[in-house]
file upload_36.txt (compact mmCIF, C-alpha atoms)
# COMPACT_ATOMS: atom_id res chain seq x y z
CA GLN A 1 87.09 228.31 62.55
CA GLN A 2 89.72 230.93 61.81
CA GLN A 3 93.13 229.32 62.33
CA VAL A 4 94.93 232.68 62.19
CA LYS A 5 93.36 235.78 63.69
CA GLN A 6 94.45 239.15 62.32
CA SER A 7 93.89 242.71 63.49
CA PRO A 8 93.11 245.47 62.81
CA GLN A 9 90.79 245.15 59.84
CA SER A 10 91.90 248.53 58.52
CA LEU A 11 94.60 251.03 59.36
CA ILE A 12 95.30 254.60 58.30
CA VAL A 13 98.67 256.22 58.98
CA GLN A 14 100.52 259.32 57.88
CA LYS A 15 103.53 259.01 55.63
CA GLY A 16 106.57 258.16 57.76
CA GLY A 17 104.49 256.47 60.43
CA ILE A 18 104.99 252.86 61.58
CA PRO A 19 101.87 250.77 61.04
CA ILE A 20 101.73 247.54 63.04
CA ILE A 21 99.55 244.59 62.09
CA ASN A 22 99.05 241.75 64.54
CA CYS A 23 98.29 238.07 64.15
CA ALA A 24 97.68 235.23 66.58
CA TYR A 25 97.43 231.47 66.18
CA GLU A 26 96.62 228.45 68.32
CA ASN A 27 98.09 225.50 66.47
CA THR A 28 101.60 224.81 67.81
CA ALA A 29 102.27 222.65 64.75
CA PHE A 30 102.62 225.79 62.63
CA ASP A 31 106.24 226.46 61.78
CA TYR A 32 106.19 228.93 58.90
CA PHE A 33 104.64 232.40 59.10
CA PRO A 34 104.58 234.50 55.93
CA TRP A 35 103.10 237.90 55.23
CA TYR A 36 101.51 238.62 51.87
CA GLN A 37 100.90 242.01 50.27
CA GLN A 38 98.03 242.55 47.85
CA PHE A 39 97.46 245.58 45.63
CA PRO A 40 94.03 246.20 44.07
CA GLY A 41 93.38 243.98 41.07
CA LYS A 42 96.37 241.76 41.83
CA GLY A 43 96.94 238.48 43.59
CA PRO A 44 98.69 238.40 46.97
CA ALA A 45 102.48 238.31 46.79
CA LEU A 46 104.91 237.10 49.42
CA LEU A 47 106.44 240.02 51.31
CA ILE A 48 108.44 238.46 54.14
CA ALA A 49 108.35 235.26 56.18
CA ILE A 50 109.68 233.95 59.47
CA ARG A 51 110.21 230.61 61.17
CA PRO A 52 109.77 230.22 64.94
CA ASP A 53 113.46 229.72 65.70
CA VAL A 54 114.03 233.50 65.50
CA SER A 55 112.22 236.37 67.20
CA GLU A 56 112.66 238.99 64.49
CA LYS A 57 113.33 239.27 60.79
CA LYS A 58 113.96 242.42 58.78
CA GLU A 59 113.82 242.95 55.05
CA GLY A 60 114.23 246.57 54.09
CA ARG A 61 111.53 248.61 55.82
CA PHE A 62 109.51 245.51 56.76
CA THR A 63 110.03 243.68 60.05
CA ILE A 64 108.33 240.61 61.50
CA SER A 65 108.35 240.23 65.26
CA PHE A 66 107.59 236.74 66.54
CA ASN A 67 106.60 235.71 70.07
CA LYS A 68 106.51 231.92 70.23
CA SER A 69 105.30 231.67 73.82
CA ALA A 70 102.39 234.02 73.15
CA LYS A 71 101.73 232.48 69.73
CA GLN A 72 101.67 235.92 68.16
CA PHE A 73 103.50 237.63 65.34
CA SER A 74 103.33 241.08 63.88
CA LEU A 75 104.37 243.11 60.86
CA HIS A 76 105.94 246.54 61.26
CA ILE A 77 106.47 248.88 58.33
CA MET A 78 109.13 251.50 59.01
CA ASP A 79 108.94 254.93 57.38
CA SER A 80 105.70 253.98 55.62
CA GLN A 81 105.08 255.41 52.16
CA PRO A 82 101.89 255.95 50.12
CA GLY A 83 103.08 253.11 47.86
CA ASP A 84 102.73 250.74 50.83
CA SER A 85 98.96 251.22 50.73
CA ALA A 86 97.65 247.71 50.18
CA THR A 87 95.97 244.82 51.93
CA TYR A 88 98.26 242.71 54.10
CA PHE A 89 97.60 239.10 55.03
CA CYS A 90 99.38 237.04 57.64
CA ALA A 91 99.42 233.28 57.25
CA ALA A 92 100.70 230.08 58.82
CA ARG A 93 101.58 226.59 57.66
CA ARG A 94 102.09 223.30 59.49
CA GLN A 95 105.54 221.79 59.83
CA THR A 96 104.58 218.49 58.25
CA GLY A 97 101.78 217.10 56.21
CA ALA A 98 99.53 219.45 54.32
CA ASN A 99 101.21 222.15 52.28
CA ASN A 100 98.43 224.72 52.44
CA LEU A 101 98.57 228.11 54.12
CA PHE A 102 95.96 229.34 56.58
CA PHE A 103 95.38 233.05 56.02
CA GLY A 104 94.24 235.82 58.32
CA THR A 105 91.34 237.98 57.22
CA GLY A 106 93.55 240.81 55.99
CA THR A 107 94.32 244.41 56.96
CA ARG A 108 93.69 247.24 54.55
CA LEU A 109 96.47 249.79 55.07
CA THR A 110 96.22 253.36 53.80
CA VAL A 111 99.26 255.63 54.03
CA ILE A 112 98.31 259.28 53.67
CA PRO A 113 100.88 261.52 51.93
CA ASP B 1 108.69 232.60 33.98
CA ALA B 2 105.18 233.89 33.27
CA GLY B 3 103.92 233.13 36.75
CA VAL B 4 100.56 231.57 37.52
CA ILE B 5 98.17 232.31 34.68
CA GLN B 6 94.43 232.51 35.23
CA SER B 7 91.63 233.02 32.75
CA PRO B 8 89.37 234.76 32.27
CA ARG B 9 90.26 237.91 34.26
CA HIS B 10 86.61 238.88 34.47
CA GLU B 11 83.47 236.80 34.10
CA VAL B 12 79.93 238.09 34.19
CA THR B 13 77.19 235.52 33.98
CA GLU B 14 73.58 234.98 34.85
CA MET B 15 72.33 232.88 37.69
CA GLY B 16 72.00 229.25 36.70
CA GLN B 17 74.75 229.31 34.08
CA GLU B 18 77.84 227.14 34.22
CA VAL B 19 81.12 228.92 34.92
CA THR B 20 84.59 227.48 34.29
CA LEU B 21 87.71 229.13 35.63
CA ARG B 22 91.12 228.09 34.35
CA CYS B 23 94.59 228.04 35.80
CA LYS B 24 98.07 227.26 34.55
CA PRO B 25 100.53 226.85 37.44
CA ILE B 26 104.20 227.70 37.29
CA SER B 27 106.16 225.01 35.51
CA GLY B 28 107.76 222.58 37.96
CA HIS B 29 105.36 223.36 40.78
CA ASN B 30 103.63 220.27 42.16
CA SER B 31 100.97 221.83 44.42
CA LEU B 32 98.04 223.90 43.20
CA PHE B 33 95.48 225.76 45.27
CA TRP B 34 92.14 227.43 44.55
CA TYR B 35 91.16 230.29 46.85
CA ARG B 36 88.09 232.51 46.96
CA GLN B 37 88.32 236.09 48.23
CA THR B 38 85.39 238.13 49.51
CA MET B 39 85.20 241.20 51.71
CA MET B 40 83.31 239.28 54.37
CA ARG B 41 85.41 236.12 54.57
CA GLY B 42 88.81 237.12 53.24
CA LEU B 43 90.86 234.41 51.52
CA GLU B 44 89.24 230.98 51.77
CA LEU B 45 90.94 227.81 50.58
CA LEU B 46 88.54 225.85 48.39
CA ILE B 47 90.66 222.89 47.32
CA TYR B 48 94.26 221.95 46.73
CA PHE B 49 96.06 219.39 44.64
CA ASN B 50 99.40 217.71 45.15
CA ASN B 51 100.92 216.04 42.08
CA ASN B 52 97.55 216.46 40.30
CA VAL B 53 95.68 214.60 43.05
CA PRO B 54 93.05 216.44 45.12
CA ILE B 55 94.24 216.37 48.73
CA ASP B 56 91.71 218.49 50.60
CA ASP B 57 88.42 219.71 49.17
CA SER B 58 86.77 220.46 52.49
CA GLY B 59 86.60 224.15 51.58
CA MET B 60 84.43 223.59 48.51
CA PRO B 61 81.13 225.25 49.46
CA GLU B 62 78.77 222.66 48.00
CA ASP B 63 78.27 220.17 45.23
CA ARG B 64 77.82 222.95 42.69
CA PHE B 65 81.60 223.44 42.85
CA SER B 66 84.02 220.99 41.29
CA ALA B 67 87.72 221.14 40.42
CA LYS B 68 89.96 219.07 38.23
CA MET B 69 93.64 218.87 37.46
CA PRO B 70 94.06 216.59 34.44
CA ASN B 71 97.79 217.26 34.20
CA ALA B 72 100.57 219.18 35.90
CA SER B 73 100.05 222.30 33.82
CA PHE B 74 96.29 222.86 33.94
CA SER B 75 93.44 223.03 36.41
CA THR B 76 89.80 224.09 36.26
CA LEU B 77 87.27 225.20 38.82
CA LYS B 78 83.68 224.78 37.69
CA ILE B 79 80.50 226.15 39.22
CA GLN B 80 77.25 224.64 37.97
CA PRO B 81 74.73 226.13 38.42
CA SER B 82 76.10 229.50 39.47
CA GLU B 83 74.35 231.69 42.05
CA PRO B 84 74.72 235.39 42.93
CA ARG B 85 76.39 234.48 46.24
CA ASP B 86 79.24 232.91 44.25
CA SER B 87 80.31 236.39 43.16
CA ALA B 88 83.90 236.84 44.37
CA VAL B 89 87.49 236.90 43.18
CA TYR B 90 88.85 233.42 42.63
CA PHE B 91 92.60 232.93 42.88
CA CYS B 92 94.75 230.06 41.78
CA ALA B 93 98.16 229.61 43.42
CA SER B 94 101.00 227.14 43.07
CA THR B 95 104.10 226.11 44.93
CA GLY B 96 106.91 223.69 44.34
CA PRO B 97 109.06 221.42 46.43
CA PRO B 98 110.49 221.65 48.96
CA ARG B 99 107.43 223.41 50.43
CA GLY B 100 108.40 226.67 48.80
CA LYS B 101 106.62 229.98 48.72
CA LEU B 102 103.13 230.30 47.30
CA PHE B 103 102.69 232.20 44.05
CA PHE B 104 99.28 233.61 43.19
CA GLY B 105 97.73 234.36 39.84
CA SER B 106 95.99 237.67 39.17
CA GLY B 107 92.58 236.19 39.90
CA THR B 108 89.23 235.92 38.15
CA GLN B 109 86.60 238.45 39.15
CA LEU B 110 83.30 236.56 38.94
CA SER B 111 79.97 238.35 38.96
CA VAL B 112 76.80 236.29 38.91
CA LEU B 113 73.73 238.39 38.19
call {"tool": "encode", "arguments": {"input": "upload_36.txt", "output": "structure tokens"}}
result
Amino acid sequence: QQQVKQSPQSLIVQKGGIPIINCAYENTAFDYFPWYQQFPGKGPALLIAIRPDVSEKKEGRFTISFNKSAKQFSLHIMDSQPGDSATYFCAARRQTGANNLFFGTGTRLTVIP
Amino acid sequence: DAGVIQSPRHEVTEMGQEVTLRCKPISGHNSLFWYRQTMMRGLELLIYFNNNVPIDDSGMPEDRFSAKMPNASFSTLKIQPSEPRDSAVYFCASTGPPRGKLFFGSGTQLSVL
């Protein structure tokens, strides 16, 4: 059973556009929600993360929006660039106990010049 | 720091052969994870260790898969006998206290012919 559901599977935008990737979860014990970025031939790398006590977090051109009541969170990429073309994974981790992350299935983003 | 180091980067083997993947976590990290990535299933957690002890191996597909962590700086994932459906990218990742961010290695691309 997929603990974190991610959409869309793939996304193509023009340079300068604002791609949005969405994730949803069911387990209310999750308290840490990171996004990972993966380039071809590389391992995923942490991009940005949020905890449920805030509704938004920005780091440069990347923004996470978090809706605790809806159990949804999303990644927005402002002024997208061809160099942002990669696969993006959302994830979630429980507040206590196990230290492992549950990943979404990934979104392959292509930014066209 | 050199990051999480995996070897080999690529492995091509024939069905029925034994395959051993290796991982060196980041020094000081006390949790180590093995993930498998495929197009169909995304990133799947196979097993994770905390302080060298296996905590959750429920993601290991079947008895052909085994993992060990003899000390804090080394882990192996073994597949015996290998099958074509095991073809995937296998990632090792580590994290340290207090429940810090997850760092991935560059992965091992396994092809079983």
call {"tool": "residues_near_point", "arguments": {"input": "upload_36.txt", "point": "(101.4, 234.0, 62.0)", "cutoff": "10 Å", "atoms": "all atoms listed in the file", "output": "PyMOL selection string"}}
result
chain A and resi 3-6+22-26+30-35+49-52+64-68+71-75+89-93+102-104
call {"tool": "write_last_selection", "arguments": {"input": "upload_36.txt", "atoms": "C-alpha atoms", "output": "mmCIF file, in the frame of the given file"}}
result
data_model
loop_
_atom_site.group_PDB
_atom_site.id
_atom_site.type_symbol
_atom_site.label_atom_id
_atom_site.label_comp_id
_atom_site.auth_asym_id
_atom_site.auth_seq_id
_atom_site.Cartn_x
_atom_site.Cartn_y
_atom_site.Cartn_z
ATOM 1 C CA GLN A 3 93.130 229.320 62.330
ATOM 2 C CA VAL A 4 94.930 232.680 62.190
ATOM 3 C CA LYS A 5 93.360 235.780 63.690
ATOM 4 C CA GLN A 6 94.450 239.150 62.320
ATOM 5 C CA ASN A 22 99.050 241.750 64.540
ATOM 6 C CA CYS A 23 98.290 238.070 64.150
ATOM 7 C CA ALA A 24 97.680 235.230 66.580
ATOM 8 C CA TYR A 25 97.430 231.470 66.180
ATOM 9 C CA GLU A 26 96.620 228.450 68.320
ATOM 10 C CA PHE A 30 102.620 225.790 62.630
ATOM 11 C CA ASP A 31 106.240 226.460 61.780
ATOM 12 C CA TYR A 32 106.190 228.930 58.900
ATOM 13 C CA PHE A 33 104.640 232.400 59.100
ATOM 14 C CA PRO A 34 104.580 234.500 55.930
ATOM 15 C CA TRP A 35 103.100 237.900 55.230
ATOM 16 C CA ALA A 49 108.350 235.260 56.180
ATOM 17 C CA ILE A 50 109.680 233.950 59.470
ATOM 18 C CA ARG A 51 110.210 230.610 61.170
ATOM 19 C CA PRO A 52 109.770 230.220 64.940
ATOM 20 C CA ILE A 64 108.330 240.610 61.500
ATOM 21 C CA SER A 65 108.350 240.230 65.260
ATOM 22 C CA PHE A 66 107.590 236.740 66.540
ATOM 23 C CA ASN A 67 106.600 235.710 70.070
ATOM 24 C CA LYS A 68 106.510 231.920 70.230
ATOM 25 C CA LYS A 71 101.730 232.480 69.730
ATOM 26 C CA GLN A 72 101.670 235.920 68.160
ATOM 27 C CA PHE A 73 103.500 237.630 65.340
ATOM 28 C CA SER A 74 103.330 241.080 63.880
ATOM 29 C CA LEU A 75 104.370 243.110 60.860
ATOM 30 C CA PHE A 89 97.600 239.100 55.030
ATOM 31 C CA CYS A 90 99.380 237.040 57.640
ATOM 32 C CA ALA A 91 99.420 233.280 57.250
ATOM 33 C CA ALA A 92 100.700 230.080 58.820
ATOM 34 C CA ARG A 93 101.580 226.590 57.660
ATOM 35 C CA PHE A 102 95.960 229.340 56.580
ATOM 36 C CA PHE A 103 95.380 233.050 56.020
ATOM 37 C CA GLY A 104 94.240 235.820 58.320
#
call {"tool": "closest_residue", "arguments": {"input": "upload_36.txt", "among": "B:Ser106, B:Gln17, B:Ser7, B:Asn50", "to": "Pro84 (chain B)", "atoms": "only C-alpha atoms"}}
result
B:Gln17
call {"tool": "atom_distance", "arguments": {"input": "upload_36.txt", "atom1": "CA of Phe65 (chain B)", "atom2": "CA of Gln80 (chain B)"}}
result
6.6 Å
call {"tool": "interface_residues", "arguments": {"input": "upload_36.txt", "of": "chain B", "to": "chain A", "cutoff": "12 Å", "atoms": "only C-alpha atoms", "output": "ChimeraX atom specification"}}
result
/B:3-6,9-10,30-51,54-57,59,89-109
call {"tool": "atom_distance", "arguments": {"input": "upload_36.txt", "atom1": "CA of Met15 (chain B)", "atom2": "CA of Leu110 (chain B)"}}
result
11.6 Å
call {"tool": "residues_around", "arguments": {"input": "upload_36.txt", "residues": "region 70-73 of chain B", "least_positions_apart": "4", "cutoff": "7 Å", "atoms": "all atoms listed in the file", "output": "MDAnalysis selection string"}}
result
chainID B and resid 24:25 27 51:52
call {"tool": "atom_distance", "arguments": {"input": "upload_36.txt", "atom1": "CA of Glu11 (chain B)", "atom2": "CA of Ala86 (chain A)"}}
result
24.1 Å
call {"tool": "closest_residue", "arguments": {"input": "upload_36.txt", "among": "A:Pro113, A:Gly60, A:Gly83, A:Gly17", "to": "Gln37 (chain A)", "atoms": "all atoms listed in the file"}}
result
A:Gly83
call {"tool": "residues_near_point", "arguments": {"input": "upload_36.txt", "point": "(108.9, 247.0, 55.8)", "cutoff": "8 Å", "atoms": "all atoms listed in the file", "output": "list in words"}}
result
Lys58, Glu59, Gly60, Arg61, Phe62, Thr63, Leu75, His76, Ile77, Met78 and Ser80 of chain A
call {"tool": "axis_aligned_box", "arguments": {"input": "upload_36.txt", "around": "region 11-25 of chain B", "padding_each_side": "8 Å", "output": "AutoDock Vina command-line options"}}
result
--center_x 86.3 --center_y 232.5 --center_z 35.8 --size_x 44.5 --size_y 27.2 --size_z 19.7
call {"tool": "decode", "arguments": {"input": "upload_36.txt", "residues": "region 19-76 of chain B", "atoms": "C-alpha atoms", "output": "short mmCIF file (atom, residue, chain, number, x, y, z; two decimals), in the first residue's frame"}}
result
data_model
loop_
_atom_site.label_atom_id
_atom_site.label_comp_id
_atom_site.auth_asym_id
_atom_site.auth_seq_id
_atom_site.Cartn_x
_atom_site.Cartn_y
_atom_site.Cartn_z
CA VAL B 19 25.32 -10.67 -6.65
CA THR B 20 26.76 -8.63 -3.78
CA LEU B 21 26.25 -4.90 -3.51
CA ARG B 22 28.32 -2.86 -1.08
CA CYS B 23 27.77 0.33 0.84
CA LYS B 24 29.82 2.57 3.08
CA PRO B 25 27.62 5.05 4.98
CA ILE B 26 28.67 8.51 6.03
CA SER B 27 30.86 8.40 9.11
CA GLY B 28 28.85 9.03 12.28
CA HIS B 29 25.53 8.04 10.75
CA ASN B 30 23.74 5.34 12.72
CA SER B 31 20.92 4.39 10.33
CA LEU B 32 21.40 2.72 6.96
CA PHE B 33 18.78 1.98 4.33
CA TRP B 34 18.68 -0.13 1.17
CA TYR B 35 16.23 1.00 -1.52
CA ARG B 36 15.40 -0.42 -4.93
CA GLN B 37 14.26 1.85 -7.76
CA THR B 38 12.32 0.72 -10.82
CA MET B 39 10.18 2.58 -13.30
CA MET B 40 7.11 0.62 -12.27
CA ARG B 41 7.40 0.82 -8.49
CA GLY B 42 9.53 3.88 -7.83
CA LEU B 43 11.68 3.84 -4.68
CA GLU B 44 11.00 0.81 -2.49
CA LEU B 45 12.54 0.36 0.95
CA LEU B 46 14.06 -3.10 1.20
CA ILE B 47 15.58 -3.06 4.67
CA TYR B 48 17.03 -0.65 7.19
CA PHE B 49 19.47 -0.90 10.04
CA ASN B 50 19.78 1.16 13.19
CA ASN B 51 23.10 0.91 15.02
CA ASN B 52 24.01 -2.07 12.80
CA VAL B 53 20.87 -3.99 13.81
CA PRO B 54 18.23 -4.80 11.16
CA ILE B 55 15.02 -3.05 12.23
CA ASP B 56 12.62 -3.69 9.36
CA ASP B 57 13.21 -6.14 6.52
CA SER B 58 9.59 -6.41 5.45
CA GLY B 59 10.47 -4.89 2.08
CA MET B 60 12.90 -7.65 1.15
CA PRO B 61 11.19 -9.36 -1.80
CA GLU B 62 12.00 -12.96 -0.90
CA ASP B 63 14.54 -15.24 0.68
CA ARG B 64 16.91 -14.75 -2.22
CA PHE B 65 17.69 -11.32 -0.77
CA SER B 66 19.78 -10.87 2.35
CA ALA B 67 21.53 -7.90 3.94
CA LYS B 68 24.18 -7.55 6.58
CA MET B 69 25.83 -4.74 8.47
CA PRO B 70 28.84 -6.20 10.30
CA ASN B 71 29.99 -2.80 11.53
CA ALA B 72 29.04 0.87 11.43
CA SER B 73 30.97 1.56 8.25
CA PHE B 74 29.93 -1.27 5.93
CA SER B 75 26.84 -3.03 4.66
CA THR B 76 26.11 -5.57 1.94
#
